[in-house]
Each structure stands twice: as C-alpha cells, then as structure tokens.
Amino acid sequence: MDRTRQETAPTDRRFAAQVVVSAIFALVLGVLAGAGRWYFDDVAHAYFQNRQGDVFLSYLQYFVNQSTLVIVGIFLAAEILFQLLKLLPRLNDRAIFLVRLFVVSALLCAATLYVFHAQYWFPLALSRRVLIYVATFIGSAVVALAYMKFRQSLRSRDFGRTTAVPAIFATIVLAAINIPAVIAKHETSDQPHHVIVILIDALRADHLGSYGYSRPTSPALDAFAKESMRFTQAISQSSYTKPVIASLFTSLYPSQHNVFRNTRHDAAGNFISDVLDDSFKTMAEYLRDAGFNTAGFLEQAQLRSYMGFAQGFYYYKPDMGAAAEINRGFFHWLRLNKHRKLFAYLHYLDVHAPYTPPSRYRDMFGSFDHSTNFPEQVKDWQKFKGDVTDGNITLTQTDAEQLMALYDAEIRALDDDMAALFAKLKEEGIYDNSLIVITADHGDEFLEHGSVDHAHTLYDELLRVPLMIRFPKGENRGIVDMQVQTIDVLPTILEFCEIDQDPHVMGHSLLTYKSGANGHQQFPVFSERADLIAMRTEKYKFIYNTELKTGELYDLQNDPTESKNLADEEVKTATQMQNEILRWAEITRSAMTDQGGVKVDEKSVKELRSLGYIR
Ligand SMILES: [Zn+2]
C-alpha cells in the first residue's frame, strides 16, 4: 500500500507540473502569435495608418484572445496525448521524444493552417500553397522543439521560478489588451444604424424577377425587393463603370467629376486612367466624418485606390475576386466591427462579361450547341468583343440568346451569393439595423442596338439599373415608378443618417418617396459618355452626339426598346430637348479640364484586357 502511494504521488505531481508548464508556455506563445497575426493582418494595418484607436485595440484583443485560446488548447491536448502514449509498449527515450515532437508540430501546423484558411486572402495565394504548407510545418516544428527542450530542462522542483516571469508577463499583456478594449466597446455599443451599399456590376434591371423577368434568375434579390423601396425607373449616369461609380460616390454628373474617359494610351504607350480628384467629397468621406467605420470590398480594376476611389475608406480592397471571396472578406471584417456604426461598399463583378458562370449554373437557362462559337469562345472576351466590333463575327439572334442565357446563369449564381450575404447579415444581427442599397452601374446589350457588352451607347438596356433600398426593419417598402437616378443615392443616405450635404450635390434624396406616394416633382435625368449626352424624361429620351451635333429622339412610353428615332418627326420636342441638353452641358462642362490621369499598373492592365476594356 505505502509503496504504491509513494510511487504514484510524485508522478501525479510531475504531471500537474508539466500541465502548468505547458499552459504557461502556450500562454506566452499565444500572446506573441496573436500580436503577430494582428500586425500582419491587412485590416489592422489599415486602421493603424488611420490611427483609429478603439478599432485598433479591438482587433488586437480579438487576435490575441483567439490565438491564445487555440494554442493553450493545443498544448493541453498534447499533454494528455503524452500521458496516453505511456500506455503504449515501452519505447526508448529518444523515440518517445521524437513521437512527442511530431505530435506537437502536427497540432501546431494544423491550427496555423486553419487560421490561414479562415483569412479571406488565403485562396488568393493558392499558387504558393505548397510553399505555405512546408513553411508552416517547419515553423511549427521549430516551436515544438523549443517547447520540448524547455519542458525537458525543467525539474518539477524549480518549474515555478523558471515559469513565473513569462507567466506574469503574459497575464499583464492579456489584461492590458482586454480591459481597455472592453471599455472602448462598451462606450460604442449603442444601437447604430449601418449603411451597406451593394453594387452588382453590369446587372440589367429587366433581368431580375422583381423587375418582371420571366426566368427565375433572382429568388434572393426578389425577396429582398419585397422588403424594399424598389425603383422601377432608376437610370444610371453613364454606361460604364468608372464614371458611374464616381457619380454614385459624389452625386455629381460625369462631366462635373471629370472621370469619364475609358482607359487610354499616353504618348509613351502607357495605359492612363482618369482620377477622381481629392477635392470631391465622397460617400465614404461623408460617412467617415460622421463617425462611421468605412470599408470597401471590391473586384474592379477600374476602381483602384490610386485612381481616387478609396477616398474616405479606412479599409479598401479593390481586387478581391469572385463574390464568395468578397463575402468572405466582408464577413471577416463584419465580425470584428459590428459593434460600431458601419459603412460598407460591396462591388461584385461576377455578372460582368465574359459570361462564364460556375459550371453547375451554366446550363440552367438553355443548353448550348458547342459546335458553334459559343460558349467556349466568349471566354476570351477581349478577342470576341474585338471580332464583333471589327465585323469578323456577325452575331445572330440565336447567338445573342445563348450569350443571354449565360449572363442569366451568372445572375442566378450571384443571387446565391446574395442569399449568403443576407443570411450573414441576419446572423450578425445587423440586417434589420441597416440601410441596405442594392444597385448596378449599368446593364449589358444583347443585340438590341446591334452590338454586345456595354459602354458604347446610352440606350436603356445599358442605363436602366435595379435600385432597391431596404430601410431598417423593412420599413417604407413599396414600388416607386418615378424616374430616379444614380446620383440620388448619396443624398438619400445623407438624409437618412442626418448628415448635412454639400451644396454642390446634384441628386435628390429619395426619402421623399417614404410615404410610397408618387406624383412628386419630376426631374429629367442626364447620362453621358465623352461624345454623347442623353436627357430622359418620363416620356422621351433625346441622345445628343456632341461631335456630330446630331440627336436621336425616342418615345419611351410607346417605344420602350428605343427602336424608332423620331428626331425628324417630332421636331419641336427634339429641338427643345437638344437646347436643354446644350444648356445643361454649358453648366456642367464649364469647369471640365483635360486631366492628366494616372498610369495604370500591370496587374490592372491585364484584368482590364480580360474584361474587354482595352485591347
Ligand atoms: Zn461596370
């Protein structure tokens, strides 16, 4: 009896001592790993530059706490495993050491990879995946070896003295991070109204169920539309991304913000892009100044930071990839920031040409005759678009329908990403607490006026975009048939957030339709590209060519597809609208200068080429 007790008692004590040593080692390692993760995290970095104290702190707290918890868990699990290993047939000391070393290394490596994997940028680094795996395992093995040596060098009688210093240090660090972060969070935990603007690049309004489309392209967006103020006649300020987003952000017409030429060559052959000037106050700047935490998650080579579009965003990432990646990055950010007032801008490119829907969606709206050029050829969109423009390919109506079926499949695929987005917003408890705007920058043409893609005309297939505004708790829902425009979004958000707008804002707040009643004052809408200006009223559209000095007039009520030019028949209306356009242009284009622009980087040039923007 006595003998047994004398033998087991020291073993129990040694096991307890080893568990404590293990936990303390893990605690220190966890604090260091968390601080490292925080420092190298993109988001934390952006805040560091912007000196936003409490966000900065809550990130640090999040990363340190999470890493510490995971690593302490791993080490305790390893200690238990070591005890279980003792039940195996006797191995020599060296073999036991190696087995333990491998176990700790493998656990650490798995945990590190798990953390990497949860980072939205991990899939973007796929090409270096093997390198990441190997480096992670080597790093884990080094840490594990240090731990095993540390553990081996300790005798139970002096572990207290050896571990006291790091234990006290780690505890002080944890307290120093957690206490102020909890206080900061507590101070900002009033029920905020968030603002989320979702832009779906190249999404035509008439291809959504809620806008009367016959194909089931958009169940999630349609459900969203039912809870929203939905505008049936929302008109964009231009027919391609850059000018429209500049207008959305500033509530200015393209010729006022002067960002409306496509990417062009300079004398040296570099690609040059227009820049949204610093002097303009953008949506993100208004909201940032009103205390919102601002972030942009995008996939659009036309909207790089150096082109001026990141103004006002604490965090701005314009090259995130497919919708799932944008969602992943946004969800990651949301989890850390939802306790503050948020403004998020999400810009999805999935519906944009080339029409390459994910495989499981591809045949949803038609099967394709692969002996024709479609859909394989449209994967090289730049070549395809060039061939159409140059007349090397003459598209038939069937070709256009096949393209459209692919486009619709892309919408259906993106709709599933929207469903995931809405589900996450609900899960995080901010769906009913936010102003959510969904719109598009322009549509796409499928031979309605003899071509495909966008940017080349100002007809309605390119200008009529979806616009749905969901107010907190789905209030003010309804359908508005009055004509509204992209530049109305900013004043709407500002009025909703009770932020004063600058006098130069050109749009009108859509809160005026809150009661759902129509019959308010009607405003004509102006849209433009460098050589065209369109004026649209509820009944007519006049498109004026500033170079040829001629115009086309369409009766939108009797001819919504704009197929019959009435300029020579309804001369009085045409002349009147042309004069109004000229007067409007005199005002808006007066301050226009030929801006120098900025050189587009290689990566963006490649992307713009794949989208068919440059050749
Ligand atoms: Zn676009």
# chains A, B, ... in the order shown; residues from 1 in each chain; ligands from 1
$ residues_around --residues "segment 171-180 of chain A" --least-positions-apart "5" --cutoff "10 Å" --atoms "only C-alpha atoms" --output "JSON, numbers by chain"
{"A": [24, 27, 28, 31, 32, 54, 57, 58, 59, 60, 61, 62, 64, 65, 68, 166, 185, 186]}
$ residues_near_ligand --ligand "ligand 1" --cutoff "9 Å" --atoms "only C-alpha atoms and all ligand atoms" --output "ChimeraX atom specification"
/A:200-203,239-242,244-245,300,302,349,352,440-443,454-455
$ atom_distance --atom1 "atom CA of Ser238 of chain A" --atom2 "atom CA of Leu467 of chain A"
15.2 Å
$ residues_around --residues "Met577 of chain A" --least-positions-apart "5" --cutoff "9 Å" --atoms "only C-alpha atoms" --output "JSON, numbers by chain"
{"A": [535, 541, 542, 553, 572, 582]}
$ write_last_selection --atoms "C-alpha atoms" --output "PDB file, in the first residue's frame"
ATOM      1  CA  MET A 535     -31.681  63.525 -71.471  1.00  0.00           C
ATOM      2  CA  LYS A 541     -35.271  60.333 -74.374  1.00  0.00           C
ATOM      3  CA  PHE A 542     -33.048  62.508 -76.509  1.00  0.00           C
ATOM      4  CA  LEU A 553     -35.398  61.109 -80.090  1.00  0.00           C
ATOM      5  CA  LYS A 572     -40.352  70.561 -81.840  1.00  0.00           C
ATOM      6  CA  LEU A 582     -26.827  72.219 -74.551  1.00  0.00           C
TER       7      LEU A 582
END
$ atom_distance --atom1 "atom CA of Ile132 of chain A" --atom2 "atom CA of Val115 of chain A"
12.5 Å
$ closest_residue --among "A:Phe422, A:Ile235, A:Asp363, A:Ser604" --to "Arg536 of chain A" --atoms "only C-alpha atoms"
A:Ile235
$ closest_residue --among "A:Ile436, A:Leu611, A:Ile411, A:Leu532" --to "Gln578 of chain A" --atoms "only C-alpha atoms"
A:Leu532
$ closest_residue --among "A:Lys317, A:His332, A:Arg362, A:Lys606" --to "Ser305 of chain A" --atoms "only C-alpha atoms"
A:Lys317
$ select_by_dssp --residues "segment 399-548 of chain A" --states "strand (DSSP E or B)" --output "JSON, numbers by chain"
{"A": [434, 435, 436, 437, 438, 439, 445, 446, 452, 453, 464, 465, 466, 467, 468, 469, 470, 478, 479, 480, 481, 482, 483, 484, 485, 525, 526, 527, 528, 529, 532, 533, 534, 535, 536, 540, 541, 542, 543, 544, 545]}
$ atom_distance --atom1 "atom CA of Thr550 of chain A" --atom2 "atom CA of Ser236 of chain A"
22.2 Å
$ residues_around --residues "Tyr147 of chain A" --least-positions-apart "6" --cutoff "12 Å" --atoms "only C-alpha atoms" --output "PyMOL selection string"
chain A and resi 18+21-26+28-29+75+78-79+97+100-102+104-105+108+140-141+153-154
$ select_by_dssp --residues "segment 491-598 of chain A" --states "helix (DSSP H, G or I)" --output "list in words"
Pro491, Thr492, Ile493, Leu494, Glu495, Phe496, Leu510, Leu511, Thr512, Tyr513, Val571, Lys572, Thr573, Ala574, Thr575, Gln576, Met577, Gln578, Asn579, Glu580, Ile581, Leu582, Arg583, Trp584, Ala585, Glu586, Ile587 and Thr588 of chain A
$ write_last_selection --atoms "N, CA and C atoms" --output "mmCIF file, in the first residue's frame"
data_model
loop_
_atom_site.group_PDB
_atom_site.id
_atom_site.type_symbol
_atom_site.label_atom_id
_atom_site.label_comp_id
_atom_site.auth_asym_id
_atom_site.auth_seq_id
_atom_site.Cartn_x
_atom_site.Cartn_y
_atom_site.Cartn_z
ATOM 1 N N PRO A 491 -27.478 61.602 -51.632
ATOM 2 C CA PRO A 491 -28.329 62.463 -50.782
ATOM 3 C C PRO A 491 -29.340 61.674 -49.958
ATOM 4 N N THR A 492 -29.778 60.511 -50.463
ATOM 5 C CA THR A 492 -30.710 59.663 -49.699
ATOM 6 C C THR A 492 -30.032 59.149 -48.432
ATOM 7 N N ILE A 493 -28.822 58.647 -48.596
ATOM 8 C CA ILE A 493 -28.072 58.122 -47.449
ATOM 9 C C ILE A 493 -27.793 59.244 -46.448
ATOM 10 N N LEU A 494 -27.405 60.415 -46.969
ATOM 11 C CA LEU A 494 -27.078 61.532 -46.079
ATOM 12 C C LEU A 494 -28.299 61.974 -45.287
ATOM 13 N N GLU A 495 -29.449 62.058 -45.952
ATOM 14 C CA GLU A 495 -30.648 62.475 -45.219
ATOM 15 C C GLU A 495 -31.026 61.429 -44.169
ATOM 16 N N PHE A 496 -30.922 60.158 -44.554
ATOM 17 C CA PHE A 496 -31.256 59.082 -43.620
ATOM 18 C C PHE A 496 -30.355 59.144 -42.382
ATOM 19 N N LEU A 510 -34.179 60.341 -51.987
ATOM 20 C CA LEU A 510 -35.333 59.508 -52.332
ATOM 21 C C LEU A 510 -36.231 59.247 -51.120
ATOM 22 N N LEU A 511 -35.853 59.798 -49.965
ATOM 23 C CA LEU A 511 -36.718 59.652 -48.781
ATOM 24 C C LEU A 511 -38.052 60.358 -49.013
ATOM 25 N N THR A 512 -38.080 61.206 -50.018
ATOM 26 C CA THR A 512 -39.317 61.892 -50.356
ATOM 27 C C THR A 512 -40.412 60.886 -50.749
ATOM 28 N N TYR A 513 -39.996 59.654 -51.141
ATOM 29 C CA TYR A 513 -40.977 58.625 -51.520
ATOM 30 C C TYR A 513 -41.336 57.709 -50.355
ATOM 31 N N VAL A 571 -40.105 67.246 -84.441
ATOM 32 C CA VAL A 571 -39.002 68.217 -84.484
ATOM 33 C C VAL A 571 -39.041 69.170 -83.294
ATOM 34 N N LYS A 572 -40.232 69.573 -82.910
ATOM 35 C CA LYS A 572 -40.352 70.561 -81.840
ATOM 36 C C LYS A 572 -39.791 69.997 -80.519
ATOM 37 N N THR A 573 -40.210 68.791 -80.185
ATOM 38 C CA THR A 573 -39.724 68.148 -78.960
ATOM 39 C C THR A 573 -38.215 67.936 -79.034
ATOM 40 N N ALA A 574 -37.764 67.474 -80.210
ATOM 41 C CA ALA A 574 -36.329 67.204 -80.385
ATOM 42 C C ALA A 574 -35.515 68.481 -80.179
ATOM 43 N N THR A 575 -35.956 69.564 -80.801
ATOM 44 C CA THR A 575 -35.221 70.833 -80.695
ATOM 45 C C THR A 575 -35.201 71.323 -79.254
ATOM 46 N N GLN A 576 -36.351 71.221 -78.626
ATOM 47 C CA GLN A 576 -36.476 71.675 -77.239
ATOM 48 C C GLN A 576 -35.535 70.893 -76.318
ATOM 49 N N MET A 577 -35.503 69.583 -76.496
ATOM 50 C CA MET A 577 -34.653 68.758 -75.632
ATOM 51 C C MET A 577 -33.170 68.978 -75.954
ATOM 52 N N GLN A 578 -32.871 69.159 -77.230
ATOM 53 C CA GLN A 578 -31.481 69.418 -77.607
ATOM 54 C C GLN A 578 -30.995 70.729 -76.971
ATOM 55 N N ASN A 579 -31.854 71.736 -77.003
ATOM 56 C CA ASN A 579 -31.481 73.028 -76.387
ATOM 57 C C ASN A 579 -31.252 72.873 -74.892
ATOM 58 N N GLU A 580 -32.101 72.070 -74.285
ATOM 59 C CA GLU A 580 -31.944 71.874 -72.840
ATOM 60 C C GLU A 580 -30.637 71.145 -72.528
ATOM 61 N N ILE A 581 -30.303 70.173 -73.348
ATOM 62 C CA ILE A 581 -29.032 69.451 -73.176
ATOM 63 C C ILE A 581 -27.855 70.420 -73.323
ATOM 64 N N LEU A 582 -27.933 71.281 -74.328
ATOM 65 C CA LEU A 582 -26.827 72.219 -74.551
ATOM 66 C C LEU A 582 -26.665 73.179 -73.374
ATOM 67 N N ARG A 583 -27.810 73.602 -72.828
ATOM 68 C CA ARG A 583 -27.773 74.499 -71.679
ATOM 69 C C ARG A 583 -27.168 73.770 -70.463
ATOM 70 N N TRP A 584 -27.622 72.533 -70.297
ATOM 71 C CA TRP A 584 -27.123 71.708 -69.185
ATOM 72 C C TRP A 584 -25.613 71.487 -69.317
ATOM 73 N N ALA A 585 -25.176 71.192 -70.545
ATOM 74 C CA ALA A 585 -23.754 70.915 -70.780
ATOM 75 C C ALA A 585 -22.906 72.164 -70.544
ATOM 76 N N GLU A 586 -23.477 73.315 -70.893
ATOM 77 C CA GLU A 586 -22.752 74.566 -70.685
ATOM 78 C C GLU A 586 -22.392 74.733 -69.210
ATOM 79 N N ILE A 587 -23.341 74.357 -68.361
ATOM 80 C CA ILE A 587 -23.108 74.490 -66.909
ATOM 81 C C ILE A 587 -22.169 73.390 -66.409
ATOM 82 N N THR A 588 -22.518 72.137 -66.704
ATOM 83 C CA THR A 588 -21.754 71.038 -66.103
ATOM 84 C C THR A 588 -20.362 70.891 -66.706
#
$ residues_around --residues "Phe82 of chain A" --least-positions-apart "5" --cutoff "9 Å" --atoms "only C-alpha atoms" --output "list of chain:residue names"
A:Ala77, A:Ile96, A:Arg100, A:Val103
$ residues_around --residues "Lys226 of chain A" --least-positions-apart "2" --cutoff "12 Å" --atoms "only C-alpha atoms" --output "PyMOL selection string"
chain A and resi 209-211+219-224+228-231+468-471+474-479
$ closest_residue --among "A:Ala324, A:Ala405, A:Val197, A:Leu287" --to "Glu299 of chain A" --atoms "only C-alpha atoms"
A:Ala324
$ decode --residues "segment 395-418 of chain A" --atoms "N, CA and C atoms" --output "PDB file, in the first residue's frame"
ATOM      1  N   LEU A 395     -23.026  38.397 -85.284  1.00  0.00           N
ATOM      2  CA  LEU A 395     -23.849  37.667 -84.328  1.00  0.00           C
ATOM      3  C   LEU A 395     -25.277  37.524 -84.834  1.00  0.00           C
ATOM      4  N   THR A 396     -25.840  36.331 -84.635  1.00  0.00           N
ATOM      5  CA  THR A 396     -27.253  36.127 -84.958  1.00  0.00           C
ATOM      6  C   THR A 396     -28.064  36.308 -83.684  1.00  0.00           C
ATOM      7  N   GLN A 397     -29.382  36.326 -83.847  1.00  0.00           N
ATOM      8  CA  GLN A 397     -30.266  36.440 -82.683  1.00  0.00           C
ATOM      9  C   GLN A 397     -30.061  35.240 -81.755  1.00  0.00           C
ATOM     10  N   THR A 398     -29.838  34.058 -82.341  1.00  0.00           N
ATOM     11  CA  THR A 398     -29.604  32.848 -81.538  1.00  0.00           C
ATOM     12  C   THR A 398     -28.324  32.999 -80.712  1.00  0.00           C
ATOM     13  N   ASP A 399     -27.295  33.546 -81.345  1.00  0.00           N
ATOM     14  CA  ASP A 399     -26.049  33.779 -80.616  1.00  0.00           C
ATOM     15  C   ASP A 399     -26.317  34.676 -79.404  1.00  0.00           C
ATOM     16  N   ALA A 400     -27.055  35.747 -79.647  1.00  0.00           N
ATOM     17  CA  ALA A 400     -27.352  36.696 -78.566  1.00  0.00           C
ATOM     18  C   ALA A 400     -28.128  36.009 -77.450  1.00  0.00           C
ATOM     19  N   GLU A 401     -29.067  35.131 -77.853  1.00  0.00           N
ATOM     20  CA  GLU A 401     -29.854  34.424 -76.831  1.00  0.00           C
ATOM     21  C   GLU A 401     -28.984  33.480 -76.018  1.00  0.00           C
ATOM     22  N   GLN A 402     -28.014  32.862 -76.688  1.00  0.00           N
ATOM     23  CA  GLN A 402     -27.111  31.971 -75.955  1.00  0.00           C
ATOM     24  C   GLN A 402     -26.251  32.760 -74.962  1.00  0.00           C
ATOM     25  N   LEU A 403     -25.777  33.908 -75.445  1.00  0.00           N
ATOM     26  CA  LEU A 403     -25.000  34.763 -74.538  1.00  0.00           C
ATOM     27  C   LEU A 403     -25.846  35.181 -73.349  1.00  0.00           C
ATOM     28  N   MET A 404     -27.099  35.526 -73.654  1.00  0.00           N
ATOM     29  CA  MET A 404     -28.002  35.988 -72.606  1.00  0.00           C
ATOM     30  C   MET A 404     -28.283  34.888 -71.584  1.00  0.00           C
ATOM     31  N   ALA A 405     -28.374  33.650 -72.068  1.00  0.00           N
ATOM     32  CA  ALA A 405     -28.621  32.530 -71.150  1.00  0.00           C
ATOM     33  C   ALA A 405     -27.434  32.363 -70.185  1.00  0.00           C
ATOM     34  N   LEU A 406     -26.230  32.595 -70.706  1.00  0.00           N
ATOM     35  CA  LEU A 406     -25.043  32.516 -69.847  1.00  0.00           C
ATOM     36  C   LEU A 406     -25.043  33.668 -68.843  1.00  0.00           C
ATOM     37  N   TYR A 407     -25.405  34.841 -69.339  1.00  0.00           N
ATOM     38  CA  TYR A 407     -25.499  36.033 -68.480  1.00  0.00           C
ATOM     39  C   TYR A 407     -26.510  35.785 -67.355  1.00  0.00           C
ATOM     40  N   ASP A 408     -27.652  35.208 -67.732  1.00  0.00           N
ATOM     41  CA  ASP A 408     -28.687  34.918 -66.727  1.00  0.00           C
ATOM     42  C   ASP A 408     -28.196  33.884 -65.713  1.00  0.00           C
ATOM     43  N   ALA A 409     -27.412  32.922 -66.187  1.00  0.00           N
ATOM     44  CA  ALA A 409     -26.858  31.913 -65.269  1.00  0.00           C
ATOM     45  C   ALA A 409     -25.904  32.586 -64.273  1.00  0.00           C
ATOM     46  N   GLU A 410     -25.177  33.582 -64.753  1.00  0.00           N
ATOM     47  CA  GLU A 410     -24.284  34.324 -63.845  1.00  0.00           C
ATOM     48  C   GLU A 410     -25.085  35.077 -62.787  1.00  0.00           C
ATOM     49  N   ILE A 411     -26.217  35.647 -63.219  1.00  0.00           N
ATOM     50  CA  ILE A 411     -27.072  36.359 -62.256  1.00  0.00           C
ATOM     51  C   ILE A 411     -27.588  35.376 -61.200  1.00  0.00           C
ATOM     52  N   ARG A 412     -28.001  34.187 -61.692  1.00  0.00           N
ATOM     53  CA  ARG A 412     -28.526  33.174 -60.767  1.00  0.00           C
ATOM     54  C   ARG A 412     -27.454  32.748 -59.753  1.00  0.00           C
ATOM     55  N   ALA A 413     -26.215  32.614 -60.253  1.00  0.00           N
ATOM     56  CA  ALA A 413     -25.114  32.226 -59.362  1.00  0.00           C
ATOM     57  C   ALA A 413     -24.862  33.320 -58.330  1.00  0.00           C
ATOM     58  N   LEU A 414     -24.838  34.564 -58.782  1.00  0.00           N
ATOM     59  CA  LEU A 414     -24.586  35.666 -57.861  1.00  0.00           C
ATOM     60  C   LEU A 414     -25.718  35.785 -56.842  1.00  0.00           C
ATOM     61  N   ASP A 415     -26.938  35.469 -57.285  1.00  0.00           N
ATOM     62  CA  ASP A 415     -28.073  35.533 -56.376  1.00  0.00           C
ATOM     63  C   ASP A 415     -27.864  34.623 -55.163  1.00  0.00           C
ATOM     64  N   ASP A 416     -27.228  33.481 -55.382  1.00  0.00           N
ATOM     65  CA  ASP A 416     -26.921  32.596 -54.256  1.00  0.00           C
ATOM     66  C   ASP A 416     -25.912  33.245 -53.300  1.00  0.00           C
ATOM     67  N   ASP A 417     -24.966  33.998 -53.868  1.00  0.00           N
ATOM     68  CA  ASP A 417     -24.025  34.728 -53.007  1.00  0.00           C
ATOM     69  C   ASP A 417     -24.741  35.834 -52.234  1.00  0.00           C
ATOM     70  N   MET A 418     -25.755  36.419 -52.870  1.00  0.00           N
ATOM     71  CA  MET A 418     -26.551  37.442 -52.179  1.00  0.00           C
ATOM     72  C   MET A 418     -27.327  36.801 -51.024  1.00  0.00           C
TER      73      MET A 418
END
